[in-house]
$ cat coords.pdb   # PDB, C-alpha atoms and all ligand atoms
ATOM      1  CA  MET A  95       0.000   0.000   0.000
ATOM      2  CA  SER A  96       1.282   3.476  -0.916
ATOM      3  CA  THR A  97       2.305   5.662   2.009
ATOM      4  CA  THR A  98       2.541   8.876  -0.019
ATOM      5  CA  SER A  99       1.518  11.770   2.200
ATOM      6  CA  THR A 100      -1.587  13.387   0.832
ATOM      7  CA  THR A 101      -2.178  15.898   3.567
ATOM      8  CA  LEU A 102       0.719  18.137   2.487
ATOM      9  CA  THR A 103       1.406  20.487   5.356
ATOM     10  CA  LEU A 104      -1.913  20.967   7.046
ATOM     11  CA  ASP A 105      -2.286  24.098   9.080
ATOM     12  CA  THR A 106      -4.352  22.473  11.787
ATOM     13  CA  SER A 107      -4.386  25.623  13.894
ATOM     14  CA  THR A 108      -6.681  27.232  11.345
ATOM     15  CA  SER A 109      -8.472  24.572   9.366
ATOM     16  CA  ARG A 110      -7.913  20.917   8.577
ATOM     17  CA  ALA A 111      -9.176  21.538   5.067
ATOM     18  CA  ASN A 112      -6.620  24.176   4.265
ATOM     19  CA  PRO A 113      -3.430  22.664   2.864
ATOM     20  CA  THR A 114      -0.297  24.729   2.422
ATOM     21  CA  PRO A 115       1.364  22.765  -0.385
ATOM     22  CA  THR A 116       4.791  23.145  -1.863
ATOM     23  CA  PRO A 117       4.111  25.232  -4.969
ATOM     24  CA  MET A 118       3.678  22.955  -7.951
ATOM     25  CA  LYS A 119       2.498  23.630 -11.450
ATOM     26  CA  ARG A 120      -1.034  22.413 -12.079
ATOM     27  CA  LEU A 121      -1.643  20.467 -15.289
ATOM     28  CA  THR A 122      -3.255  22.650 -17.924
ATOM     29  CA  VAL A 123      -5.781  21.944 -20.644
ATOM     30  CA  PRO A 124      -3.144  22.196 -23.433
ATOM     31  CA  THR A 125      -0.926  19.694 -21.552
ATOM     32  CA  ILE A 126      -3.863  17.295 -21.268
ATOM     33  CA  ARG A 127      -4.672  17.692 -24.968
ATOM     34  CA  GLN A 128      -1.054  16.887 -25.884
ATOM     35  CA  ARG A 129      -1.363  13.509 -24.153
ATOM     36  CA  LYS A 130      -3.301  12.128 -27.166
ATOM     37  CA  GLY A 131      -1.695   8.764 -27.984
ATOM     38  CA  GLY A 132       0.794   9.148 -25.113
ATOM     39  CA  GLU A 133       0.854   8.033 -21.491
ATOM     40  CA  PRO A 134      -2.758   7.233 -20.516
ATOM     41  CA  LEU A 135      -4.604   9.978 -18.656
ATOM     42  CA  VAL A 136      -5.758   9.144 -15.129
ATOM     43  CA  MET A 137      -9.056  10.749 -14.130
ATOM     44  CA  LEU A 138     -11.261  10.138 -11.080
ATOM     45  CA  THR A 139     -14.305  11.926  -9.737
ATOM     46  CA  ALA A 140     -13.983  14.111  -6.643
ATOM     47  CA  TYR A 141     -16.671  16.083  -4.853
ATOM     48  CA  THR A 142     -15.060  17.117  -1.566
ATOM     49  CA  VAL A 143     -11.894  18.838  -0.440
ATOM     50  CA  ARG A 144     -10.494  15.905   1.523
ATOM     51  CA  MET A 145     -11.036  13.389  -1.257
ATOM     52  CA  ALA A 146      -9.461  15.841  -3.716
ATOM     53  CA  GLN A 147      -6.377  16.067  -1.466
ATOM     54  CA  ILE A 148      -6.016  12.288  -1.411
ATOM     55  CA  LEU A 149      -6.573  11.755  -5.149
ATOM     56  CA  ASP A 150      -4.687  14.764  -6.483
ATOM     57  CA  PRO A 151      -1.086  13.452  -6.408
ATOM     58  CA  HIS A 152      -2.120  10.381  -8.407
ATOM     59  CA  CYS A 153      -4.416  11.919 -11.019
ATOM     60  CA  ASP A 154      -4.013  14.047 -14.135
ATOM     61  CA  LEU A 155      -7.633  15.175 -13.994
ATOM     62  CA  LEU A 156     -10.202  15.432 -11.208
ATOM     63  CA  LEU A 157     -13.774  15.433 -12.467
ATOM     64  CA  VAL A 158     -16.420  17.083 -10.334
ATOM     65  CA  GLY A 159     -19.031  14.882 -11.949
ATOM     66  CA  ASP A 160     -22.755  15.462 -11.714
ATOM     67  CA  SER A 161     -22.758  11.859 -10.461
ATOM     68  CA  LEU A 162     -22.521  13.689  -7.127
ATOM     69  CA  GLY A 163     -26.318  13.880  -7.393
ATOM     70  CA  GLN A 164     -26.472  10.142  -6.763
ATOM     71  CA  VAL A 165     -23.299   9.608  -4.731
ATOM     72  CA  ILE A 166     -23.604  12.586  -2.351
ATOM     73  CA  TYR A 167     -27.253  13.637  -2.488
ATOM     74  CA  GLY A 168     -29.046  10.292  -2.983
ATOM     75  CA  LEU A 169     -30.910  11.488  -6.065
ATOM     76  CA  PRO A 170     -32.287   8.812  -8.404
ATOM     77  CA  HIS A 171     -30.366  10.278 -11.377
ATOM     78  CA  THR A 172     -28.415  13.378 -12.398
ATOM     79  CA  VAL A 173     -31.321  15.316 -13.903
ATOM     80  CA  ALA A 174     -32.059  17.232 -10.674
ATOM     81  CA  VAL A 175     -28.460  18.360 -10.072
ATOM     82  CA  THR A 176     -28.179  22.171  -9.879
ATOM     83  CA  MET A 177     -25.602  24.814 -10.793
ATOM     84  CA  GLU A 178     -25.276  25.628  -7.099
ATOM     85  CA  MET A 179     -24.295  22.035  -6.231
ATOM     86  CA  MET A 180     -21.693  21.979  -9.010
ATOM     87  CA  ALA A 181     -20.279  25.364  -8.006
ATOM     88  CA  LEU A 182     -19.919  24.517  -4.308
ATOM     89  CA  HIS A 183     -18.388  21.073  -4.856
ATOM     90  CA  GLY A 184     -16.239  22.350  -7.732
ATOM     91  CA  ALA A 185     -14.744  25.084  -5.538
ATOM     92  CA  ALA A 186     -14.046  22.555  -2.766
ATOM     93  CA  VAL A 187     -12.184  20.244  -5.164
ATOM     94  CA  VAL A 188     -10.103  23.109  -6.549
ATOM     95  CA  ARG A 189      -9.211  24.108  -2.969
ATOM     96  CA  GLY A 190      -8.172  20.538  -2.215
ATOM     97  CA  SER A 191      -5.902  20.073  -5.235
ATOM     98  CA  TYR A 192      -2.843  21.672  -6.747
ATOM     99  CA  HIS A 193      -1.622  19.214  -9.358
ATOM    100  CA  ALA A 194      -4.539  17.799 -11.374
ATOM    101  CA  ALA A 195      -6.616  19.820 -13.832
ATOM    102  CA  VAL A 196     -10.110  20.124 -12.331
ATOM    103  CA  ILE A 197     -13.084  19.778 -14.680
ATOM    104  CA  VAL A 198     -16.648  20.536 -13.556
ATOM    105  CA  ASP A 199     -19.766  18.981 -15.102
ATOM    106  CA  MET A 200     -22.399  21.360 -16.421
ATOM    107  CA  PRO A 201     -25.699  20.147 -14.923
ATOM    108  CA  PHE A 202     -28.677  19.122 -17.062
ATOM    109  CA  GLY A 203     -30.588  22.167 -18.304
ATOM    110  CA  SER A 204     -27.697  24.606 -17.937
ATOM    111  CA  TYR A 205     -26.272  24.413 -21.489
ATOM    112  CA  GLU A 206     -28.625  22.753 -23.982
ATOM    113  CA  ALA A 207     -30.895  25.682 -24.876
ATOM    114  CA  SER A 208     -28.337  27.806 -26.728
ATOM    115  CA  PRO A 209     -24.610  28.578 -26.964
ATOM    116  CA  GLU A 210     -25.320  31.826 -25.108
ATOM    117  CA  GLN A 211     -27.004  30.011 -22.208
ATOM    118  CA  ALA A 212     -24.056  27.604 -22.098
ATOM    119  CA  PHE A 213     -21.547  30.476 -22.051
ATOM    120  CA  LYS A 214     -23.363  32.295 -19.250
ATOM    121  CA  ASN A 215     -23.469  29.206 -17.022
ATOM    122  CA  ALA A 216     -20.046  27.809 -17.942
ATOM    123  CA  SER A 217     -18.326  31.144 -17.288
ATOM    124  CA  GLU A 218     -20.149  31.364 -13.949
ATOM    125  CA  LEU A 219     -18.914  27.884 -12.996
ATOM    126  CA  LEU A 220     -15.322  28.741 -13.934
ATOM    127  CA  LYS A 221     -15.500  31.989 -11.930
ATOM    128  CA  GLN A 222     -17.039  30.375  -8.857
ATOM    129  CA  THR A 223     -14.809  27.300  -8.785
ATOM    130  CA  GLY A 224     -11.469  28.195 -10.370
ATOM    131  CA  ALA A 225     -11.714  24.977 -12.415
ATOM    132  CA  ALA A 226      -9.763  24.513 -15.669
ATOM    133  CA  GLY A 227     -12.747  23.555 -17.806
ATOM    134  CA  ILE A 228     -16.258  22.178 -17.991
ATOM    135  CA  LYS A 229     -17.801  18.953 -19.316
ATOM    136  CA  ILE A 230     -21.007  18.641 -21.293
ATOM    137  CA  GLU A 231     -22.891  15.557 -22.452
ATOM    138  CA  GLY A 232     -24.131  15.159 -26.003
ATOM    139  CA  GLY A 233     -23.218  14.966 -29.645
ATOM    140  CA  LYS A 234     -23.504  16.735 -32.993
ATOM    141  CA  VAL A 235     -26.363  18.972 -31.975
ATOM    142  CA  LEU A 236     -24.095  20.630 -29.397
ATOM    143  CA  ALA A 237     -21.097  21.097 -31.711
ATOM    144  CA  PRO A 238     -21.956  24.797 -32.306
ATOM    145  CA  THR A 239     -22.043  25.249 -28.508
ATOM    146  CA  VAL A 240     -18.598  23.670 -28.100
ATOM    147  CA  GLU A 241     -17.238  25.970 -30.817
ATOM    148  CA  PHE A 242     -18.896  29.007 -29.188
ATOM    149  CA  LEU A 243     -17.432  28.194 -25.767
ATOM    150  CA  THR A 244     -13.919  27.246 -26.834
ATOM    151  CA  SER A 245     -13.554  30.293 -29.064
ATOM    152  CA  ARG A 246     -14.512  32.441 -26.055
ATOM    153  CA  GLY A 247     -12.043  30.982 -23.558
ATOM    154  CA  ILE A 248     -13.934  28.062 -22.046
ATOM    155  CA  PRO A 249     -12.246  24.654 -22.405
ATOM    156  CA  VAL A 250     -14.794  21.913 -23.040
ATOM    157  CA  MET A 251     -14.540  18.202 -22.332
ATOM    158  CA  SER A 252     -17.286  16.361 -24.208
ATOM    159  CA  HIS A 253     -19.078  13.177 -23.133
ATOM    160  CA  VAL A 254     -20.497  10.766 -25.718
ATOM    161  CA  GLY A 255     -22.011   7.276 -25.845
ATOM    162  CA  LEU A 256     -24.063   6.620 -22.739
ATOM    163  CA  THR A 257     -25.026  10.099 -21.557
ATOM    164  CA  PRO A 258     -26.681   9.731 -18.128
ATOM    165  CA  GLN A 259     -28.440  13.136 -18.261
ATOM    166  CA  ALA A 260     -30.522  11.698 -21.154
ATOM    167  CA  VAL A 261     -31.838   8.859 -18.952
ATOM    168  CA  ASN A 262     -35.442   9.903 -19.576
ATOM    169  CA  ILE A 263     -34.942   9.559 -23.338
ATOM    170  CA  LEU A 264     -32.733   6.448 -23.169
ATOM    171  CA  GLY A 265     -34.926   4.691 -20.589
ATOM    172  CA  GLY A 266     -31.922   3.435 -18.591
ATOM    173  CA  TYR A 267     -28.167   3.042 -18.491
ATOM    174  CA  GLY A 268     -27.687   0.125 -20.893
ATOM    175  CA  VAL A 269     -24.636  -0.117 -23.137
ATOM    176  CA  ARG A 270     -24.893   2.013 -26.292
ATOM    177  CA  GLY A 271     -24.072   1.231 -29.902
ATOM    178  CA  LYS A 272     -25.550  -2.248 -30.257
ATOM    179  CA  SER A 273     -27.100  -1.473 -33.648
ATOM    180  CA  ASP A 274     -24.989  -0.357 -36.616
ATOM    181  CA  GLU A 275     -27.085   2.795 -36.871
ATOM    182  CA  GLU A 276     -26.511   3.750 -33.227
ATOM    183  CA  ALA A 277     -22.801   2.907 -33.411
ATOM    184  CA  LYS A 278     -22.422   5.140 -36.490
ATOM    185  CA  ALA A 279     -24.272   8.004 -34.759
ATOM    186  CA  ILE A 280     -22.002   7.802 -31.688
ATOM    187  CA  VAL A 281     -18.853   7.922 -33.826
ATOM    188  CA  GLU A 282     -20.273  10.913 -35.746
ATOM    189  CA  ASP A 283     -21.107  12.656 -32.457
ATOM    190  CA  ALA A 284     -17.554  12.160 -31.216
ATOM    191  CA  ILE A 285     -15.968  13.477 -34.417
ATOM    192  CA  ALA A 286     -18.274  16.518 -34.394
ATOM    193  CA  MET A 287     -17.344  17.368 -30.795
ATOM    194  CA  SER A 288     -13.627  16.963 -31.451
ATOM    195  CA  ASP A 289     -13.796  19.044 -34.641
ATOM    196  CA  ALA A 290     -15.712  21.727 -32.728
ATOM    197  CA  GLY A 291     -12.768  22.091 -30.337
ATOM    198  CA  ALA A 292     -13.335  19.750 -27.365
ATOM    199  CA  PHE A 293      -9.967  19.315 -25.638
ATOM    200  CA  ALA A 294     -10.818  15.816 -24.412
ATOM    201  CA  MET A 295     -13.734  13.421 -24.528
ATOM    202  CA  VAL A 296     -15.325  10.941 -22.148
ATOM    203  CA  ILE A 297     -16.636   7.832 -23.922
ATOM    204  CA  GLU A 298     -19.075   6.034 -21.637
ATOM    205  CA  GLY A 299     -20.814   2.664 -21.880
ATOM    206  CA  VAL A 300     -20.249   1.652 -25.501
ATOM    207  CA  LEU A 301     -19.222  -1.576 -27.229
ATOM    208  CA  GLU A 302     -15.419  -1.689 -27.347
ATOM    209  CA  PRO A 303     -14.966  -1.400 -31.151
ATOM    210  CA  ILE A 304     -16.811   1.948 -31.040
ATOM    211  CA  ALA A 305     -14.428   3.332 -28.410
ATOM    212  CA  ILE A 306     -11.443   2.128 -30.424
ATOM    213  CA  GLU A 307     -12.771   3.663 -33.651
ATOM    214  CA  ILE A 308     -13.451   7.000 -31.929
ATOM    215  CA  THR A 309     -10.014   7.015 -30.302
ATOM    216  CA  GLN A 310      -8.415   6.474 -33.706
ATOM    217  CA  LYS A 311     -10.533   9.105 -35.465
ATOM    218  CA  VAL A 312     -10.675  12.075 -33.075
ATOM    219  CA  LYS A 313      -7.924  14.629 -32.515
ATOM    220  CA  CYS A 314      -8.431  14.951 -28.761
ATOM    221  CA  PRO A 315      -7.661  12.365 -26.064
ATOM    222  CA  THR A 316     -10.486   9.976 -25.234
ATOM    223  CA  ILE A 317     -11.162   8.933 -21.641
ATOM    224  CA  GLY A 318     -13.067   5.700 -21.279
ATOM    225  CA  ILE A 319     -15.544   4.447 -18.705
ATOM    226  CA  GLY A 320     -17.066   1.115 -19.676
ATOM    227  CA  ALA A 321     -15.362   1.600 -23.050
ATOM    228  CA  SER A 322     -11.851   0.234 -23.801
ATOM    229  CA  ALA A 323      -8.294   0.074 -22.461
ATOM    230  CA  HIS A 324      -7.322   1.490 -25.874
ATOM    231  CA  CYS A 325      -8.769   4.895 -24.948
ATOM    232  CA  ASP A 326      -6.232   7.650 -24.192
ATOM    233  CA  GLY A 327      -7.203   7.519 -20.508
ATOM    234  CA  GLN A 328      -9.687   6.109 -17.999
ATOM    235  CA  VAL A 329     -12.142   7.509 -15.492
ATOM    236  CA  LEU A 330     -14.190   5.928 -12.714
ATOM    237  CA  VAL A 331     -16.462   7.259 -10.017
ATOM    238  CA  THR A 332     -14.106   7.159  -7.019
ATOM    239  CA  GLU A 333     -16.688   5.776  -4.602
ATOM    240  CA  ASP A 334     -17.375   2.905  -7.050
ATOM    241  CA  MET A 335     -13.709   1.907  -7.337
ATOM    242  CA  LEU A 336     -13.255   2.225  -3.580
ATOM    243  CA  GLY A 337     -16.130  -0.192  -2.983
ATOM    244  CA  LEU A 338     -18.428   2.180  -1.082
ATOM    245  CA  PHE A 339     -21.512   0.553  -2.561
ATOM    246  CA  GLU A 340     -22.604  -3.080  -2.401
ATOM    247  CA  ARG A 341     -23.329  -3.165  -6.142
ATOM    248  CA  THR A 342     -20.389  -3.125  -8.554
ATOM    249  CA  PRO A 343     -21.352  -2.402 -12.165
ATOM    250  CA  LYS A 344     -19.584  -4.553 -14.812
ATOM    251  CA  PHE A 345     -17.275  -1.730 -15.948
ATOM    252  CA  VAL A 346     -16.043  -0.963 -12.418
ATOM    253  CA  LYS A 347     -13.066  -2.660 -10.815
ATOM    254  CA  ARG A 348     -13.056  -2.455  -7.009
ATOM    255  CA  TYR A 349      -9.690  -1.346  -5.675
ATOM    256  CA  GLY A 350     -10.836  -1.149  -2.053
ATOM    257  CA  GLY A 351     -13.509  -2.201   0.407
ATOM    258  CA  MET A 352     -14.681   1.131   1.763
ATOM    259  CA  HIS A 353     -18.154  -0.091   2.706
ATOM    260  CA  SER A 354     -16.915  -2.855   5.022
ATOM    261  CA  PHE A 355     -14.031  -0.687   6.274
ATOM    262  CA  VAL A 356     -16.447   2.047   7.405
ATOM    263  CA  ALA A 357     -19.116  -0.357   8.660
ATOM    264  CA  GLU A 358     -16.609  -2.297  10.815
ATOM    265  CA  ALA A 359     -15.117   0.894  12.293
ATOM    266  CA  VAL A 360     -18.554   2.293  13.112
ATOM    267  CA  GLU A 361     -19.709  -1.008  14.607
ATOM    268  CA  GLN A 362     -16.684  -0.951  16.941
ATOM    269  CA  TYR A 363     -17.313   2.712  17.867
ATOM    270  CA  ALA A 364     -20.974   1.996  18.652
ATOM    271  CA  LYS A 365     -19.977  -0.988  20.804
ATOM    272  CA  GLU A 366     -17.463   1.116  22.768
ATOM    273  CA  VAL A 367     -19.909   4.001  23.293
ATOM    274  CA  ARG A 368     -22.556   1.582  24.575
ATOM    275  CA  SER A 369     -20.104  -0.145  26.916
ATOM    276  CA  ARG A 370     -18.646   3.235  28.077
ATOM    277  CA  SER A 371     -15.138   2.199  26.997
ATOM    278  CA  PHE A 372     -15.002   5.241  24.681
ATOM    279  CA  PRO A 373     -13.873   7.872  25.497
ATOM    280  CA  GLY A 374     -10.916   6.290  27.315
ATOM    281  CA  ALA A 375      -8.375   8.009  29.549
ATOM    282  CA  GLU A 376      -6.349   9.278  26.514
ATOM    283  CA  GLN A 377      -9.296  11.135  25.038
ATOM    284  CA  ILE A 378     -10.258  12.931  28.260
ATOM    285  CA  TYR A 379      -9.047  16.402  29.315
ATOM    286  CA  LYS A 380      -7.791  16.449  32.905
ATOM    287  CA  ALA A 381      -7.012  19.537  34.993
TER     288      ALA A 381
HETATM  289  O1  LIG A 401     -20.692  12.499 -13.593
HETATM  290  C1  LIG A 401     -19.715  11.746 -13.688
HETATM  291  O2  LIG A 401     -19.146  11.282 -12.687
HETATM  292  C2  LIG A 401     -19.235  11.410 -15.011
HETATM  293  C3  LIG A 401     -18.219  10.313 -15.127
HETATM  294  C4  LIG A 401     -18.813   9.011 -14.810
HETATM  295  C5  LIG A 401     -17.554  10.328 -16.462
HETATM  296  O3  LIG A 401     -19.656  11.993 -15.956
END
$ encode --input "coords.pdb" --output "structure tokens" --more "lines below"
Ligand code: KIV
Amino acid sequence: MSTTSTTLTLDTSTSRANPTPTPMKRLTVPTIRQRKGGEPLVMLTAYTVRMAQILDPHCDLLLVGDSLGQVIYGLPHTVAVTMEMMALHGAAVVRGSYHAAVIVDMPFGSYEASPEQAFKNASELLKQTGAAGIKIEGGKVLAPTVEFLTSRGIPVMSHVGLTPQAVNILGGYGVRGKSDEEAKAIVEDAIAMSDAGAFAMVIEGVLEPIAIEITQKVKCPTIGIGASAHCDGQVLVTEDMLGLFERTPKFVKRYGGMHSFVAEAVEQYAKEVRSRSFPGAEQIYKA
């Protein structure tokens, strides 16, 4: 197990969430873009300052995903996630990191209506969070929006294939691209987003040949989730790979057992409180 310190130098006299790191250059959007075909990009989701601190030294990108709607807020899907949620969690993740480029998801309803609506909300998110860029879900129809944003100073990561914000249209989270027609449409979406200026692209939940074809055809790095090891990088929801939930979707590999780790610790704490063995002598202030 790695013993790399992730807490940097914490100024515990003021706040535990306020690291004072050795100055280090944060990865930029152009550096990420240049990784096309190179060393695979490592991206994980982060929603809180402490998790950002732990993940940051190991990741190239931290994604403040709208999956926080389900993971943090217990929502049934991401449709109800708000700008305010993304701004608050985005700012926390930027505060907790100094190495990875932080990308914030635009929530459903904040960018689809027009390029102007997207610019207003994306610029607000960048101002409020200090993030390096935003991510939007969707294909061809949003290419003019990607062009509008990138030409006005807003780096855009696109997200194609299974797009969870479209759950009400898709009817679920099944793998995409099973028919030739759908596979062709996904590849066209990806090319349109890359040509419009997306600096990177998440490919989610597609049959592997589609992810490989997209990776070969687009100019920007692709980041797979339920896609292919041949993508230019990978992303997972951190709580999934840490094993916080009982259910592990097919595309997730569990690298830890957070659920049982927390449950066992809490069980022990509850036992000690009930038996009055906590707090013990070491945790008590004496005159
Ligand atoms: O919201 C999210 O966490 C995402 C990743 C799963 C790519 O979009």
$ resolve_selection --input "coords.pdb" --expression "the PyMOL selection byres (((not hetatm)) within 10 of (chain A and resi 401))" --output "ChimeraX atom specification"
/A:137-141,156-165,172,198-201,229-231,252-254,256-259,295-299,317-320,328-332,334
$ axis_aligned_box --input "coords.pdb" --around "range 119-124 of chain A" --padding-each-side "4 Å" --output "JSON"
{"center_x": -1.6, "center_y": 22.0, "center_z": -17.4, "size_x": 16.3, "size_y": 11.2, "size_z": 20.0}
$ resolve_selection --input "coords.pdb" --expression "the PyMOL selection byres (((chain A and resi 147) around 6) and not hetatm)" --output "PDB file with C-alpha atoms, in the frame of the given file"
ATOM      1  CA  THR A 100      -1.587  13.387   0.832  1.00  0.00           C
ATOM      2  CA  ARG A 144     -10.494  15.905   1.523  1.00  0.00           C
ATOM      3  CA  MET A 145     -11.036  13.389  -1.257  1.00  0.00           C
ATOM      4  CA  ALA A 146      -9.461  15.841  -3.716  1.00  0.00           C
ATOM      5  CA  ILE A 148      -6.016  12.288  -1.411  1.00  0.00           C
ATOM      6  CA  LEU A 149      -6.573  11.755  -5.149  1.00  0.00           C
ATOM      7  CA  ASP A 150      -4.687  14.764  -6.483  1.00  0.00           C
ATOM      8  CA  GLY A 190      -8.172  20.538  -2.215  1.00  0.00           C
ATOM      9  CA  SER A 191      -5.902  20.073  -5.235  1.00  0.00           C
TER      10      SER A 191
END
$ resolve_selection --input "coords.pdb" --expression "the PyMOL selection byres (((chain A and resi 284) around 10) and not hetatm)" --output "PyMOL selection string"
chain A and resi 232-234+237+252-255+279-283+285-290+292+295-297+305+308-309+311-312+314+316
$ residues_near_point --input "coords.pdb" --point "(-20.2, 25.6, -27.8)" --cutoff "9 Å" --atoms "only C-alpha atoms" --output "ChimeraX atom specification"
/A:205,208-210,212-213,236-245,248,250,290-291
$ atom_distance --input "coords.pdb" --atom1 "CA of Leu135 in chain A" --atom2 "CA of Val196 in chain A"
13.2 Å
$ decode --input "coords.pdb" --residues "range 260-274 of chain A" --atoms "C-alpha atoms" --output "compact mmCIF listing (two decimals), in the first residue's frame"
# COMPACT_ATOMS: atom_id res chain seq x y z
CA ALA A 260 -30.52 11.70 -21.15
CA VAL A 261 -31.84 8.86 -18.95
CA ASN A 262 -35.44 9.90 -19.58
CA ILE A 263 -34.94 9.56 -23.34
CA LEU A 264 -32.73 6.45 -23.17
CA GLY A 265 -34.93 4.69 -20.59
CA GLY A 266 -31.92 3.44 -18.59
CA TYR A 267 -28.17 3.04 -18.49
CA GLY A 268 -27.69 0.13 -20.89
CA VAL A 269 -24.64 -0.12 -23.14
CA ARG A 270 -24.89 2.01 -26.29
CA GLY A 271 -24.07 1.23 -29.90
CA LYS A 272 -25.55 -2.25 -30.26
CA SER A 273 -27.10 -1.47 -33.65
CA ASP A 274 -24.99 -0.36 -36.62
